[in-house]
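Coordinates from protein.cif are shown below (mmCIF, C-alpha atoms).
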data_protein
loop_
_atom_site.label_atom_id
_atom_site.label_comp_id
_atom_site.auth_asym_id
_atom_site.auth_seq_id
_atom_site.Cartn_x
_atom_site.Cartn_y
_atom_site.Cartn_z
CA MET A 265 82.27 142.60 166.23
CA SER A 266 79.74 139.95 165.20
CA ALA A 267 76.53 139.22 167.06
CA ASP A 268 77.95 135.87 168.26
CA ASN A 269 80.97 137.54 169.77
CA MET A 270 78.77 140.18 171.38
CA GLU A 271 77.10 137.46 173.40
CA ASN A 272 80.45 136.42 174.86
CA TYR A 273 81.44 139.97 175.57
CA PRO A 274 81.10 140.95 179.25
CA LYS A 275 77.75 142.61 179.75
CA THR A 276 77.84 146.23 180.79
CA LYS A 277 74.97 148.37 182.02
CA ASN A 278 74.80 150.15 178.74
CA MET A 279 76.31 148.41 175.71
CA VAL A 280 75.97 151.58 173.66
CA ASP A 281 78.86 153.04 175.70
CA TYR A 282 81.25 150.42 174.23
CA VAL A 283 83.92 152.12 172.13
CA ASP A 284 85.74 150.10 169.50
CA ASP A 285 89.42 151.11 169.95
CA THR A 286 90.64 149.10 166.93
CA PRO A 287 92.96 151.47 165.05
CA GLU A 288 92.02 152.52 161.57
CA LYS A 289 93.38 150.24 158.87
CA GLY A 290 96.59 151.62 157.39
CA SER A 291 97.38 153.88 160.36
CA ILE A 292 100.72 153.60 162.19
CA SER A 293 99.06 152.28 165.34
CA TYR A 294 97.29 149.63 163.23
CA VAL A 295 100.63 148.51 161.74
CA LEU A 296 102.31 148.53 165.17
CA ARG A 297 99.47 146.51 166.64
CA ARG A 298 99.76 143.96 163.80
CA TRP A 299 103.51 143.67 164.40
CA LYS A 300 102.95 143.25 168.13
CA THR A 301 100.42 140.50 167.46
CA ALA A 302 102.81 138.83 164.98
CA ILE A 303 105.69 138.94 167.50
CA ASN A 304 103.44 137.59 170.27
CA ASN A 305 102.37 134.75 168.00
CA ILE A 306 106.01 133.91 167.16
CA ASN A 307 106.97 133.97 170.84
CA LYS A 308 104.00 131.74 171.63
CA LYS A 309 104.95 129.36 168.80
CA TYR A 310 108.51 128.96 170.12
CA SER A 311 107.74 129.27 173.85
CA LYS A 312 108.05 125.51 174.37
CA PRO A 313 111.14 124.37 172.45
CA ARG A 314 111.25 120.70 171.50
CA LEU A 315 114.86 120.57 172.66
CA LYS A 316 114.98 119.70 176.33
CA MET A 317 117.58 121.81 178.12
CA THR A 318 118.58 122.04 181.74
CA PRO A 319 118.46 125.53 183.30
CA LEU A 320 122.29 125.55 183.29
CA VAL A 321 122.46 124.87 179.53
CA ARG A 322 119.77 127.48 178.92
CA PHE A 323 121.68 130.06 180.98
CA SER A 324 124.97 129.18 179.23
CA LEU A 325 123.38 129.67 175.81
CA LEU A 326 121.94 133.01 176.85
CA ALA A 327 125.35 134.09 178.19
CA LEU A 328 127.02 132.93 174.96
CA ARG A 329 124.61 134.92 172.80
CA LEU A 330 125.10 138.04 174.92
CA TYR A 331 128.88 137.60 174.73
CA LEU A 332 128.77 137.20 170.95
CA ILE A 333 126.63 140.33 170.64
CA ILE A 334 129.27 142.27 172.64
CA LEU A 335 131.96 140.98 170.26
CA VAL A 336 129.88 142.08 167.27
CA VAL A 337 129.51 145.56 168.80
CA ILE A 338 133.31 145.75 169.16
CA LEU A 339 133.75 144.61 165.52
CA SER A 340 131.23 147.19 164.35
CA TYR A 341 133.18 149.87 166.23
CA LYS A 342 136.38 148.73 164.50
CA PHE A 343 134.61 148.89 161.11
CA TYR A 344 133.39 152.39 161.92
CA ILE A 345 136.86 153.69 162.82
CA MET A 346 138.39 152.07 159.72
CA VAL A 347 135.80 153.58 157.37
CA ARG A 348 136.03 156.98 159.06
CA MET B 253 118.00 128.52 142.32
CA GLY B 254 115.13 127.27 140.18
CA LYS B 255 114.97 123.80 138.70
CA ASP B 256 118.63 123.55 137.80
CA SER B 257 121.24 125.79 139.35
CA THR B 258 124.23 123.82 138.07
CA PRO B 259 125.00 126.20 135.14
CA PHE B 260 125.89 128.87 137.74
CA LEU B 261 128.04 126.37 139.61
CA ARG B 262 129.75 125.14 136.46
CA ILE B 263 130.74 128.70 135.44
CA ASN B 264 132.70 128.93 138.72
CA LEU B 265 134.95 126.15 137.44
CA ILE B 266 136.33 128.66 134.91
CA TYR B 267 139.18 129.41 137.35
CA ILE B 268 140.64 125.92 136.90
CA PRO B 269 141.52 126.20 133.16
CA ALA B 270 142.50 129.84 133.76
CA ILE B 271 145.36 128.86 136.10
CA LEU B 272 146.81 126.61 133.40
CA LEU B 273 147.19 129.67 131.17
CA ILE B 274 149.32 131.63 133.65
CA HIS B 275 151.88 128.89 134.40
CA PRO B 276 152.11 129.29 138.18
CA ASN B 277 155.15 128.01 140.05
CA PHE B 278 153.77 124.72 141.36
CA SER B 279 156.38 124.34 144.10
CA ASP B 280 155.16 127.70 145.48
CA VAL B 281 151.59 126.44 145.18
CA ILE B 282 152.39 123.27 147.17
CA LYS B 283 154.22 125.33 149.79
CA GLY B 284 151.24 127.68 149.99
CA LEU B 285 148.87 124.79 150.71
CA ILE B 286 150.72 123.97 153.93
CA PRO B 287 149.38 126.20 156.71
CA VAL B 288 152.03 128.28 158.48
CA ILE B 289 151.92 131.17 160.90
CA PRO B 290 152.67 134.19 158.73
CA ILE B 291 155.67 136.46 159.31
CA GLY B 292 154.80 138.79 162.18
CA GLY B 293 153.04 136.08 164.20
CA PHE B 294 149.71 136.49 165.94
CA THR B 295 148.66 140.03 165.20
CA GLY B 296 145.22 141.62 165.09
CA ASP B 297 145.37 141.46 161.29
CA PHE B 298 146.17 137.75 161.45
CA PHE B 299 143.08 137.05 163.59
CA PHE B 300 140.98 139.26 161.31
CA PHE B 301 141.98 137.49 158.09
CA PHE B 302 141.85 134.08 159.76
CA MET B 303 138.24 134.75 160.74
CA ALA B 304 137.39 136.18 157.33
CA ASN B 305 138.75 132.98 155.77
CA ILE B 306 136.57 130.84 158.01
CA GLY B 307 133.66 133.14 157.15
CA THR B 308 133.98 132.43 153.45
CA THR B 309 133.72 128.71 154.12
CA ILE B 310 131.23 128.34 156.96
CA ALA B 311 128.70 131.02 157.86
CA PRO B 312 125.43 131.04 159.82
CA TRP B 313 123.32 131.52 156.70
CA MET B 314 124.66 128.24 155.32
CA ILE B 315 123.11 126.30 158.21
CA PHE B 316 119.69 127.78 157.42
CA PHE B 317 120.25 127.40 153.67
CA GLN B 318 121.22 123.75 153.95
CA GLN B 319 118.25 122.69 156.07
CA SER B 320 115.76 124.77 154.09
CA SER B 321 117.04 123.52 150.73
CA VAL B 322 116.72 119.93 151.96
CA VAL B 323 113.11 120.62 152.95
CA ASP B 324 112.39 122.49 149.71
CA LYS B 325 113.78 119.67 147.58
CA GLY B 326 111.40 117.33 149.39
CA MET B 327 114.22 115.06 150.52
CA THR B 328 113.34 112.30 152.96
CA GLU B 329 115.23 109.75 155.04
CA LYS B 330 115.94 107.58 151.98
CA ASP B 331 117.74 110.53 150.35
CA ILE B 332 120.24 111.05 153.20
CA SER B 333 123.09 109.28 151.43
CA PHE B 334 122.46 111.30 148.26
CA GLY B 335 122.29 114.51 150.35
CA LYS B 336 125.65 113.68 151.96
CA PHE B 337 127.17 112.99 148.53
CA ASP B 338 125.70 116.23 147.17
CA THR B 339 127.20 118.21 150.09
CA ALA B 340 130.58 116.46 149.79
CA VAL B 341 130.82 117.20 146.04
CA GLY B 342 129.83 120.82 146.69
CA ALA B 343 132.39 121.17 149.49
CA PHE B 344 135.11 119.61 147.33
CA PHE B 345 134.53 121.94 144.38
CA THR B 346 134.21 124.95 146.69
CA VAL B 347 137.72 124.29 147.97
CA VAL B 348 139.14 123.52 144.50
CA VAL B 349 137.70 126.75 143.06
CA ALA B 350 138.91 128.76 146.08
CA ILE B 351 142.44 127.36 145.67
CA ALA B 352 142.35 128.13 141.91
CA CYS B 353 141.21 131.68 142.65
CA VAL B 354 144.04 132.20 145.17
CA ILE B 355 146.63 130.77 142.75
CA LEU B 356 145.35 132.99 139.94
CA THR B 357 145.32 136.27 141.85
CA GLY B 358 148.41 135.38 143.91
CA THR B 359 150.49 134.64 140.81
CA LEU B 360 149.42 137.70 138.85
CA LEU B 361 148.90 140.33 141.53
CA PHE B 362 151.00 139.38 144.57
CA LYS B 363 154.48 140.14 143.29
CA PRO B 364 156.97 143.00 143.50
CA GLY B 365 155.40 146.03 141.86
CA GLY B 366 151.95 144.41 142.18
CA VAL B 367 148.86 146.57 142.38
CA ASP B 368 146.74 147.51 145.39
CA ILE B 369 143.27 146.09 144.95
CA GLU B 370 140.24 147.83 146.41
CA SER B 371 137.57 145.86 144.57
CA ALA B 372 137.16 142.61 142.67
CA ALA B 373 136.63 144.57 139.44
CA GLN B 374 140.06 146.20 139.87
CA ALA B 375 141.65 142.75 140.15
CA ALA B 376 140.04 141.60 136.89
CA ILE B 377 140.98 144.83 135.08
CA ALA B 378 144.60 144.68 136.36
CA ILE B 379 144.98 141.10 135.11
CA MET B 380 143.30 141.90 131.78
CA GLY B 381 146.25 144.17 130.89
CA ASN B 382 148.66 141.26 130.33
CA TYR B 383 146.29 138.28 130.24
CA PRO B 384 143.04 139.32 128.54
CA ILE B 385 141.56 135.80 128.50
CA VAL B 386 142.48 135.10 132.13
CA GLY B 387 141.22 138.55 133.21
CA SER B 388 137.94 137.92 131.39
CA ALA B 389 137.67 134.47 133.00
CA LEU B 390 138.25 136.06 136.43
CA ALA B 391 135.61 138.72 135.74
CA ILE B 392 133.07 136.10 134.57
CA GLY B 393 133.86 133.90 137.59
CA LEU B 394 133.52 136.80 140.02
CA PHE B 395 130.25 137.94 138.44
CA ASP B 396 128.91 134.40 138.69
CA ALA B 397 130.09 134.00 142.28
CA GLY B 398 128.46 137.32 143.21
CA LEU B 399 125.21 136.39 141.49
CA LEU B 400 125.13 132.96 143.09
CA GLY B 401 126.04 134.41 146.50
CA ALA B 402 123.32 137.07 146.27
CA MET B 403 120.75 134.46 145.31
CA CYS B 404 121.73 131.93 147.97
CA ILE B 405 122.12 134.31 150.90
CA SER B 406 118.89 136.18 150.10
CA LEU B 407 117.10 132.88 149.66
CA ALA B 408 118.45 131.55 152.98
CA SER B 409 117.26 134.73 154.74
CA SER B 410 113.85 134.51 153.05
CA TRP B 411 113.46 130.86 153.99
CA ALA B 412 114.38 131.64 157.61
CA MET B 413 112.00 134.61 157.77
CA GLY B 414 109.24 132.55 156.18
CA GLU B 415 109.72 129.84 158.77
CA VAL B 416 109.73 132.26 161.70
CA PHE B 417 106.72 134.28 160.54
CA GLY B 418 104.81 131.26 159.27
CA TRP B 419 104.63 132.50 155.65
CA ALA B 420 104.46 130.08 152.73
CA HIS B 421 108.15 129.84 151.92
CA SER B 422 109.10 127.58 149.08
CA ILE B 423 110.57 128.28 145.67
CA ASN B 424 108.13 125.64 144.47
CA ASN B 425 105.36 128.15 145.26
CA LYS B 426 104.26 130.72 142.69
CA VAL B 427 104.71 134.40 143.60
CA SER B 428 100.95 134.67 144.22
CA GLU B 429 101.11 131.71 146.61
CA ALA B 430 104.02 133.03 148.70
CA PRO B 431 103.95 136.82 148.26
CA MET B 432 105.71 137.71 151.53
CA PHE B 433 108.49 135.19 150.92
CA TYR B 434 109.18 136.53 147.42
CA ALA B 435 108.81 140.16 148.57
CA PHE B 436 111.46 139.60 151.25
CA TYR B 437 113.66 137.79 148.73
CA PHE B 438 113.32 140.64 146.24
CA LEU B 439 113.97 143.34 148.86
CA SER B 440 117.08 141.48 150.11
CA LEU B 441 118.45 141.47 146.55
CA VAL B 442 117.60 145.15 146.08
CA PHE B 443 119.30 146.04 149.40
CA ALA B 444 122.44 144.09 148.39
CA GLY B 445 122.42 145.85 145.01
CA ILE B 446 122.14 149.27 146.67
CA VAL B 447 125.17 148.52 148.89
CA VAL B 448 127.23 147.48 145.84
CA ILE B 449 126.37 150.52 143.73
CA THR B 450 126.76 153.02 146.58
CA PRO B 451 129.46 155.44 145.41
CA ARG B 452 132.82 155.05 147.17
CA ALA B 453 131.53 152.23 149.38
CA PRO B 454 134.58 150.31 150.71
CA LEU B 455 133.40 147.02 149.21
CA VAL B 456 136.44 144.89 150.10
CA LEU B 457 136.32 146.10 153.70
CA ILE B 458 132.56 145.54 153.87
CA THR B 459 133.00 142.02 152.45
CA LEU B 460 135.70 141.17 154.98
CA PHE B 461 133.79 142.58 157.96
CA VAL B 462 130.60 140.79 156.93
CA GLN B 463 132.54 137.50 156.92
CA VAL B 464 134.15 138.26 160.29
CA ILE B 465 130.86 139.26 161.93
CA ALA B 466 129.15 136.19 160.43
CA VAL B 467 131.85 133.96 161.94
CA THR B 468 131.57 135.70 165.31
CA LEU B 469 127.85 134.93 165.40
CA LEU B 470 128.30 131.40 164.08
CA PRO B 471 128.68 129.66 167.49
CA ALA B 472 125.19 130.81 168.51
CA ALA B 473 123.70 128.81 165.62
CA LEU B 474 126.23 125.97 165.77
CA VAL B 475 125.63 125.20 169.45
CA PHE B 476 121.90 124.85 168.80
CA LEU B 477 122.65 122.65 165.82
CA LEU B 478 124.90 120.44 167.95
CA LEU B 479 122.23 120.21 170.68
CA LEU B 480 119.73 119.20 168.02
CA LEU B 481 122.10 116.63 166.55
CA ASN B 482 122.57 115.09 170.00
CA ASN B 483 118.87 114.82 170.72
CA GLU B 484 118.09 111.11 170.60
CA GLU B 485 114.33 111.65 170.53
CA MET B 486 114.55 113.65 167.31
CA MET B 487 117.61 112.20 165.60
CA GLY B 488 117.21 108.53 166.52
CA LYS B 489 119.95 106.47 164.90
CA TYR B 490 121.32 109.57 163.17
CA LYS B 491 122.41 111.10 166.48
CA ASN B 492 125.93 112.56 166.42
CA THR B 493 128.82 110.23 167.15
CA LEU B 494 131.51 111.11 169.69
CA MET B 495 133.96 112.03 166.92
CA GLN B 496 131.42 114.29 165.19
CA ASN B 497 130.79 116.03 168.52
CA ILE B 498 134.51 116.49 169.13
CA TRP B 499 134.91 118.15 165.70
CA GLY B 500 131.76 120.22 166.13
CA PHE B 501 132.67 121.59 169.55
CA LEU B 502 136.29 122.09 168.49
CA ILE B 503 135.08 124.37 165.68
CA VAL B 504 132.83 126.26 168.11
CA PHE B 505 135.59 126.77 170.70
CA THR B 506 138.15 127.76 168.04
CA ILE B 507 135.83 130.40 166.64
CA ILE B 508 134.99 131.79 170.10
CA ILE B 509 138.69 131.97 171.07
CA VAL B 510 139.80 133.59 167.79
CA SER B 511 136.98 136.15 167.81
CA THR B 512 137.77 136.97 171.45
CA LEU B 513 141.45 137.47 170.57
CA TYR B 514 140.50 139.74 167.68
CA ALA B 515 138.16 141.76 169.93
CA LEU B 516 141.01 142.09 172.45
CA SER B 517 143.32 143.33 169.68
CA VAL B 518 140.73 146.00 168.84
CA ILE B 519 140.38 147.17 172.45
CA PHE B 520 144.09 146.84 173.29
CA PRO B 521 145.99 147.43 170.02
CA GLU B 522 149.37 147.06 171.79
CA MET B 523 148.56 143.55 172.97
CA PHE B 524 149.24 141.81 169.63
CA LYS B 525 151.92 143.55 167.62
#

Would you write the structure of this file as structure tokens?
Amino acid sequence: MSADNMENYPKTKNMVDYVDDTPEKGSISYVLRRWKTAINNINKKYSKPRLKMTPLVRFSLLALRLYLIILVVILSYKFYIMVR
Amino acid sequence: MGKDSTPFLRINLIYIPAILLIHPNFSDVIKGLIPVIPIGGFTGDFFFFFMANIGTTIAPWMIFFQQSSVVDKGMTEKDISFGKFDTAVGAFFTVVVAIACVILTGTLLFKPGGVDIESAAQAAIAIMGNYPIVGSALAIGLFDAGLLGAMCISLASSWAMGEVFGWAHSINNKVSEAPMFYAFYFLSLVFAGIVVITPRAPLVLITLFVQVIAVTLLPAALVFLLLLLNNEEMMGKYKNTLMQNIWGFLIVFTIIIVSTLYALSVIFPEMFK
């Protein structure tokens, strides 16, 4: 953390007690945290779609996607029993 | 795809001279071009192959491929008419090559005493017995189609991933400029290669199911595309016409109905017999 950022950091009684919980580079938790940040950024990027949709259209599209996923699960089951 | 991908496309035309060498019965060919409900009617198998056929022609990856390739080529509004012509020529030759491929394999393999085919290689080898040149042409055409398919589908996936994750994602970039894009592209190709060389993998079944699943998921992408095409703010004077919307939604509804019927035939096998 740079000195500039330290100034913005909420002051505590004893700054020495501050523990940097950033995971070590290359560790699993570091990778997971990077993925989480990447997914959050993607969600933020697409949170306001340029296409204007009424709540009914939005709900219909969600229902359609869920329905299609169910169909794909059934197809995958059929593939499994045919291969087996 | 590189600077010029047409050599790959031109090789696919090899099926057209090949059919002239096997002297197919052209009255059978004409009859075959007229769609009919096959003997046995609406069965689960009928829905399955119907969907697989649609899947070879329109698939979700094509939507992403088309828009990304337009962006990557740097096409602008003035190029729309050329883009439409490009797509129309591509669509025309896709259908011509598909018909030639069906005529070729149908004439040589689909006959009394014909052979059961479990892979494309078996088809080429079976034909090579009596028609070495035609069998070789089929093998070259299939290799080319596979190579082109692997390149296009992996590229479409890499473009889409690049767009979602915000990576540099253009084939105009060098590898050092778009490392994640090329890494994903390379890994997609490696994964596809592993599936193909997996011992005893049911490749024909995998191919068919991939097409069917792709078609099942197609409406999710198509509906968004249709919403986009009807957005006046974005599309301006290029907004969809009523007739284009009728065709678009007809395709979406047909796919949903057929995939539902196939799913029903899986759950209730007695329903369509």

Exercise for review: Starting from chain A, keep only residues with some atom at most 12 Å from an atom of chain B, counting all atoms listed in the file, and report them as a ChimeraX atom specification.
Suggested key: /A:299,301-310,313-318,321-322,324-348

Write a file of the just-selected residues containing C-alpha atoms, as a PDB file, in the coordinates of the input.
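The file below, out-v6.pdb, is the result:
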ATOM      1  CA  TRP A 299     103.510 143.670 164.400  1.00  0.00           C
ATOM      2  CA  THR A 301     100.420 140.500 167.460  1.00  0.00           C
ATOM      3  CA  ALA A 302     102.810 138.830 164.980  1.00  0.00           C
ATOM      4  CA  ILE A 303     105.690 138.940 167.500  1.00  0.00           C
ATOM      5  CA  ASN A 304     103.440 137.590 170.270  1.00  0.00           C
ATOM      6  CA  ASN A 305     102.370 134.750 168.000  1.00  0.00           C
ATOM      7  CA  ILE A 306     106.010 133.910 167.160  1.00  0.00           C
ATOM      8  CA  ASN A 307     106.970 133.970 170.840  1.00  0.00           C
ATOM      9  CA  LYS A 308     104.000 131.740 171.630  1.00  0.00           C
ATOM     10  CA  LYS A 309     104.950 129.360 168.800  1.00  0.00           C
ATOM     11  CA  TYR A 310     108.510 128.960 170.120  1.00  0.00           C
ATOM     12  CA  PRO A 313     111.140 124.370 172.450  1.00  0.00           C
ATOM     13  CA  ARG A 314     111.250 120.700 171.500  1.00  0.00           C
ATOM     14  CA  LEU A 315     114.860 120.570 172.660  1.00  0.00           C
ATOM     15  CA  LYS A 316     114.980 119.700 176.330  1.00  0.00           C
ATOM     16  CA  MET A 317     117.580 121.810 178.120  1.00  0.00           C
ATOM     17  CA  THR A 318     118.580 122.040 181.740  1.00  0.00           C
ATOM     18  CA  VAL A 321     122.460 124.870 179.530  1.00  0.00           C
ATOM     19  CA  ARG A 322     119.770 127.480 178.920  1.00  0.00           C
ATOM     20  CA  SER A 324     124.970 129.180 179.230  1.00  0.00           C
ATOM     21  CA  LEU A 325     123.380 129.670 175.810  1.00  0.00           C
ATOM     22  CA  LEU A 326     121.940 133.010 176.850  1.00  0.00           C
ATOM     23  CA  ALA A 327     125.350 134.090 178.190  1.00  0.00           C
ATOM     24  CA  LEU A 328     127.020 132.930 174.960  1.00  0.00           C
ATOM     25  CA  ARG A 329     124.610 134.920 172.800  1.00  0.00           C
ATOM     26  CA  LEU A 330     125.100 138.040 174.920  1.00  0.00           C
ATOM     27  CA  TYR A 331     128.880 137.600 174.730  1.00  0.00           C
ATOM     28  CA  LEU A 332     128.770 137.200 170.950  1.00  0.00           C
ATOM     29  CA  ILE A 333     126.630 140.330 170.640  1.00  0.00           C
ATOM     30  CA  ILE A 334     129.270 142.270 172.640  1.00  0.00           C
ATOM     31  CA  LEU A 335     131.960 140.980 170.260  1.00  0.00           C
ATOM     32  CA  VAL A 336     129.880 142.080 167.270  1.00  0.00           C
ATOM     33  CA  VAL A 337     129.510 145.560 168.800  1.00  0.00           C
ATOM     34  CA  ILE A 338     133.310 145.750 169.160  1.00  0.00           C
ATOM     35  CA  LEU A 339     133.750 144.610 165.520  1.00  0.00           C
ATOM     36  CA  SER A 340     131.230 147.190 164.350  1.00  0.00           C
ATOM     37  CA  TYR A 341     133.180 149.870 166.230  1.00  0.00           C
ATOM     38  CA  LYS A 342     136.380 148.730 164.500  1.00  0.00           C
ATOM     39  CA  PHE A 343     134.610 148.890 161.110  1.00  0.00           C
ATOM     40  CA  TYR A 344     133.390 152.390 161.920  1.00  0.00           C
ATOM     41  CA  ILE A 345     136.860 153.690 162.820  1.00  0.00           C
ATOM     42  CA  MET A 346     138.390 152.070 159.720  1.00  0.00           C
ATOM     43  CA  VAL A 347     135.800 153.580 157.370  1.00  0.00           C
ATOM     44  CA  ARG A 348     136.030 156.980 159.060  1.00  0.00           C
TER      45      ARG A 348
END

Name every residue that the PyMOL selection byres ((chain B and resi 405) around 10) selects in this structure, writing the answer as a PDB file with C-alpha atoms, in the coordinates of the input with chains first and numbers rising.
ATOM      1  CA  TRP B 313     123.320 131.520 156.700  1.00  0.00           C
ATOM      2  CA  MET B 314     124.660 128.240 155.320  1.00  0.00           C
ATOM      3  CA  PHE B 316     119.690 127.780 157.420  1.00  0.00           C
ATOM      4  CA  PHE B 317     120.250 127.400 153.670  1.00  0.00           C
ATOM      5  CA  LEU B 400     125.130 132.960 143.090  1.00  0.00           C
ATOM      6  CA  GLY B 401     126.040 134.410 146.500  1.00  0.00           C
ATOM      7  CA  ALA B 402     123.320 137.070 146.270  1.00  0.00           C
ATOM      8  CA  MET B 403     120.750 134.460 145.310  1.00  0.00           C
ATOM      9  CA  CYS B 404     121.730 131.930 147.970  1.00  0.00           C
ATOM     10  CA  SER B 406     118.890 136.180 150.100  1.00  0.00           C
ATOM     11  CA  LEU B 407     117.100 132.880 149.660  1.00  0.00           C
ATOM     12  CA  ALA B 408     118.450 131.550 152.980  1.00  0.00           C
ATOM     13  CA  SER B 409     117.260 134.730 154.740  1.00  0.00           C
ATOM     14  CA  SER B 410     113.850 134.510 153.050  1.00  0.00           C
ATOM     15  CA  TRP B 411     113.460 130.860 153.990  1.00  0.00           C
ATOM     16  CA  TYR B 437     113.660 137.790 148.730  1.00  0.00           C
ATOM     17  CA  SER B 440     117.080 141.480 150.110  1.00  0.00           C
ATOM     18  CA  LEU B 441     118.450 141.470 146.550  1.00  0.00           C
TER      19      LEU B 441
END

Point to revise | Distance of CA of Gly293 in chain B from CA of Val510 in chain B, expressed in Å to one decimal place | key: 13.9 Å

Point to revise | Distance in Å - CA of Ala304 in chain B versus CA of Ile377 in chain B | key: 24.1 Å

**Study point:** Resolved residues for the PyMOL selection byres ((chain B and resi 379-387) around 8) as a PyMOL selection string
**Key:** chain B and resi 270-271+273-274+360-361+375-378+388-391

**Study point:** Straight-line distance linking CA of Ile446 in chain B with CA of His421 in chain B, stated in Å to one decimal
**Key:**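 Interatomic distance here is 24.5 Å.
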
Practice item. Please write as a ChimeraX atom specification the full residue list that the PyMOL selection byres ((chain B and resi 264) around 7) yields on this file. Key: /B:260-263,265-267,349,393,396-397

Review point. Between B:Ala435, B:Ala311, B:Val281, B:Leu455, which is the closest to Leu356 in chain B once you count only C-alpha atoms?
Key: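 With only C-alpha atoms as the atom set, the closest residue is B:Val281.
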